[in-house]
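Heads up, the thing below is written out as structure tokens.
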Amino acid sequence: KVSPDARYATVTREGASDRRNGVVILDLANPAHPVIAAEFTERLTGGVHNAFPDNDYAYVLSNGDKYVILDMSDIYAPRIVGEYDHPNSRLHDVWVHDGIAYSAEWATGVVAVDVGNGKWGGSVERPVYISSLPVPSAGTHALFPSVSESAGNFYLFICHEIMTRAGLARGRYPPPTGP
């Protein structure tokens, strides 16, 4: 994913044998020929499935458990400034809008955290939980914030991943019964 200012991109990694998957930061000064600015693995273990690059910060998922907030003022030397781990929840996606991080937390639903909005006293260094919204499917997979400029409304589109494995060779659901 590319930062809004197009200065850098994040490439997430999963499946490393040492579980230090991390994120690769690409310098997009010359977008036709991006170069690796940094590979960051500190506190990013067990698979980095997703990231949200903002101009000054990148919110990087770690092991489906939490997001680590990186200061991206120097893309060649990113550093951790904060993190948020919602208790008893599994994380799949995060988007930040107006200083509020909205995360898709599977069965928990949507979790909203102040990461710089300030209305709830949060910052990137000290994220503050605002609220959560459970959704009926328990499969909150992704989020997409949108602002209607003409109406002045904010919308959060919540996407679910609801699937069975029925009919697939490797994943019969429900399990077969009988002989």
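Residue numbers start at 1 in each chain; chains themselves are named A, B, ... in the order of the structure tokens; ligands are numbered from 1 in the order shown.
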
DSSP strand (DSSP E or B) selection over chain A, as a PyMOL selection string: chain A and resi 2+8-12+23-27+35-40+51-53+57-62+66-71+79-84+93-97+100-104+106+110-114+128-133+140-148+153-160

Range 70-92 of chain A near range 111-131 of chain A within 9 Å: what's each residue's closest atom pair and its distance in Å to one decimal, counting only C-alpha atoms, ordered by chain then ascending residue number, as a tab-separated table?
residue	atom	partner	partner_atom	distance
A:Leu70	CA	A:Val124	CA	8.9
A:Asp71	CA	A:Val124	CA	9.0
A:Ile80	CA	A:Glu125	CA	8.9
A:Val81	CA	A:Glu125	CA	5.3
A:Gly82	CA	A:Glu125	CA	4.5
A:Glu83	CA	A:Pro127	CA	7.2
A:Tyr84	CA	A:Pro127	CA	6.4
A:His86	CA	A:Val111	CA	8.0

Write the residues of the preceding selection, restricted to C-alpha atoms, as a compact mmCIF listing (two decimals), in the first residue's frame.
# COMPACT_ATOMS: atom_id res chain seq x y z
CA LEU A 70 5.85 3.21 13.09
CA ASP A 71 7.15 6.77 12.77
CA ILE A 80 8.13 2.14 16.81
CA VAL A 81 6.23 4.90 18.59
CA GLY A 82 3.16 2.99 19.80
CA GLU A 83 0.93 -0.05 19.47
CA TYR A 84 -2.60 -1.19 20.17
CA HIS A 86 -7.45 -5.13 21.65

Which of A:Thr45, A:Thr108, A:Ser3, A:Ser103 sits closest to Phe157 in chain A [using only C-alpha atoms]: A:Ser103

Counting only C-alpha atoms, the residue of A:Val35, A:Ile25, A:Asn30, A:Arg20 that sits nearest Gly47 in chain A: A:Arg20

Long-range neighbours of Val23 in chain A as a ChimeraX atom specification, 8 Å cut-off, only C-alpha atoms, 4 positions minimum in chain: /A:10-13,39-41,48,60

Go ahead and dump the residues you just picked, all heavy atoms, as a compact mmCIF listing (two decimals), in the first residue's frame.
# COMPACT_ATOMS: atom_id res chain seq x y z
N THR A 10 4.35 0.26 1.66
CA THR A 10 4.60 -0.86 2.56
C THR A 10 4.30 -2.15 1.83
O THR A 10 3.30 -2.26 1.13
CB THR A 10 3.73 -0.78 3.83
OG1 THR A 10 2.34 -0.74 3.45
CG2 THR A 10 4.06 0.44 4.66
N VAL A 11 5.18 -3.12 2.00
CA VAL A 11 4.97 -4.46 1.48
C VAL A 11 5.02 -5.40 2.68
O VAL A 11 6.04 -5.47 3.36
CB VAL A 11 6.06 -4.85 0.45
CG1 VAL A 11 5.82 -6.27 -0.07
CG2 VAL A 11 6.11 -3.85 -0.70
N THR A 12 3.91 -6.08 2.95
CA THR A 12 3.84 -6.94 4.12
C THR A 12 4.27 -8.36 3.75
O THR A 12 4.16 -8.78 2.61
CB THR A 12 2.42 -6.95 4.71
OG1 THR A 12 1.51 -7.43 3.73
CG2 THR A 12 2.01 -5.55 5.15
N ARG A 13 4.78 -9.07 4.77
CA ARG A 13 5.28 -10.43 4.53
C ARG A 13 4.71 -11.41 5.55
O ARG A 13 4.50 -11.07 6.71
CB ARG A 13 6.81 -10.46 4.62
CG ARG A 13 7.48 -9.56 3.61
CD ARG A 13 8.96 -9.73 3.61
NE ARG A 13 9.54 -9.35 4.89
CZ ARG A 13 10.83 -9.12 5.09
NH1 ARG A 13 11.67 -9.24 4.10
NH2 ARG A 13 11.28 -8.78 6.27
N GLU A 39 13.85 -2.67 5.90
CA GLU A 39 13.11 -3.88 6.26
C GLU A 39 12.98 -3.84 7.77
O GLU A 39 13.98 -3.77 8.48
CB GLU A 39 13.85 -5.13 5.79
CG GLU A 39 13.91 -5.24 4.28
CD GLU A 39 14.54 -6.55 3.83
OE1 GLU A 39 14.15 -7.61 4.38
OE2 GLU A 39 15.38 -6.50 2.94
N PHE A 40 11.74 -3.86 8.24
CA PHE A 40 11.49 -3.68 9.66
C PHE A 40 10.81 -4.93 10.22
O PHE A 40 9.76 -5.34 9.72
CB PHE A 40 10.61 -2.45 9.89
CG PHE A 40 10.57 -1.99 11.30
CD1 PHE A 40 11.49 -1.09 11.78
CD2 PHE A 40 9.62 -2.50 12.18
CE1 PHE A 40 11.48 -0.67 13.10
CE2 PHE A 40 9.59 -2.10 13.50
CZ PHE A 40 10.52 -1.18 13.96
N THR A 41 11.42 -5.54 11.25
CA THR A 41 10.86 -6.76 11.84
C THR A 41 10.63 -6.66 13.35
O THR A 41 9.97 -7.53 13.92
CB THR A 41 11.79 -7.97 11.58
OG1 THR A 41 13.07 -7.71 12.17
CG2 THR A 41 11.93 -8.25 10.10
N VAL A 48 2.78 -10.61 8.97
CA VAL A 48 2.28 -9.25 8.82
C VAL A 48 1.36 -9.29 7.61
O VAL A 48 1.79 -9.21 6.48
CB VAL A 48 3.43 -8.23 8.63
CG1 VAL A 48 2.87 -6.84 8.39
CG2 VAL A 48 4.33 -8.24 9.85
N VAL A 60 1.05 -1.19 11.31
CA VAL A 60 1.44 -2.48 10.76
C VAL A 60 0.93 -3.60 11.67
O VAL A 60 1.24 -3.62 12.86
CB VAL A 60 2.98 -2.56 10.62
CG1 VAL A 60 3.39 -3.88 9.98
CG2 VAL A 60 3.51 -1.38 9.81

Close residues, range 135-144 of chain A itself excluded, 7 Å, only C-alpha atoms, min 2 positions apart in chain, as a VMD selection string: chain A and resid 92 to 93 95 104 to 109 133 146 156 to 162

Just-selected residues, N, CA and C atoms written as a short mmCIF file (atom, residue, chain, number, x, y, z; two decimals), in the first residue's frame:
data_model
loop_
_atom_site.label_atom_id
_atom_site.label_comp_id
_atom_site.auth_asym_id
_atom_site.auth_seq_id
_atom_site.Cartn_x
_atom_site.Cartn_y
_atom_site.Cartn_z
N HIS A 92 -7.56 -8.17 11.51
CA HIS A 92 -7.29 -8.44 10.10
C HIS A 92 -6.99 -7.19 9.28
N ASP A 93 -7.51 -6.04 9.67
CA ASP A 93 -7.35 -4.84 8.85
C ASP A 93 -7.43 -3.61 9.74
N TRP A 95 -7.63 0.88 9.22
CA TRP A 95 -7.62 2.12 8.44
C TRP A 95 -7.65 3.27 9.43
N ALA A 104 -10.70 -3.97 11.82
CA ALA A 104 -11.59 -5.11 11.60
C ALA A 104 -11.06 -6.24 12.47
N GLU A 105 -11.83 -6.61 13.48
CA GLU A 105 -11.36 -7.54 14.50
C GLU A 105 -12.21 -8.81 14.53
N TRP A 106 -12.46 -9.40 13.36
CA TRP A 106 -13.21 -10.64 13.19
C TRP A 106 -14.45 -10.69 14.08
N ALA A 107 -14.51 -11.57 15.07
CA ALA A 107 -15.71 -11.76 15.89
C ALA A 107 -16.02 -10.56 16.78
N THR A 108 -15.02 -9.77 17.10
CA THR A 108 -15.25 -8.58 17.93
C THR A 108 -15.99 -7.51 17.14
N GLY A 109 -15.80 -7.47 15.83
CA GLY A 109 -16.42 -6.46 14.97
C GLY A 109 -15.45 -5.35 14.68
N LEU A 133 -18.00 -2.04 17.82
CA LEU A 133 -19.31 -2.32 17.25
C LEU A 133 -19.33 -3.77 16.77
N SER A 146 -15.08 6.40 4.21
CA SER A 146 -15.39 7.27 3.08
C SER A 146 -16.06 8.53 3.61
N LEU A 156 -18.41 4.34 7.18
CA LEU A 156 -17.45 3.27 7.35
C LEU A 156 -18.08 2.02 6.76
N PHE A 157 -17.55 1.58 5.64
CA PHE A 157 -18.04 0.37 5.00
C PHE A 157 -17.34 -0.82 5.65
N ILE A 158 -18.14 -1.75 6.14
CA ILE A 158 -17.63 -2.92 6.85
C ILE A 158 -17.81 -4.12 5.94
N CYS A 159 -16.71 -4.81 5.69
CA CYS A 159 -16.75 -5.97 4.81
C CYS A 159 -16.56 -7.24 5.63
N HIS A 160 -17.31 -8.24 5.28
CA HIS A 160 -17.27 -9.50 6.00
C HIS A 160 -16.66 -10.57 5.11
N GLU A 161 -16.02 -11.52 5.73
CA GLU A 161 -15.56 -12.69 5.01
C GLU A 161 -16.35 -13.86 5.56
N ILE A 162 -17.35 -14.23 4.80
CA ILE A 162 -18.21 -15.33 5.22
C ILE A 162 -18.09 -16.38 4.12
#
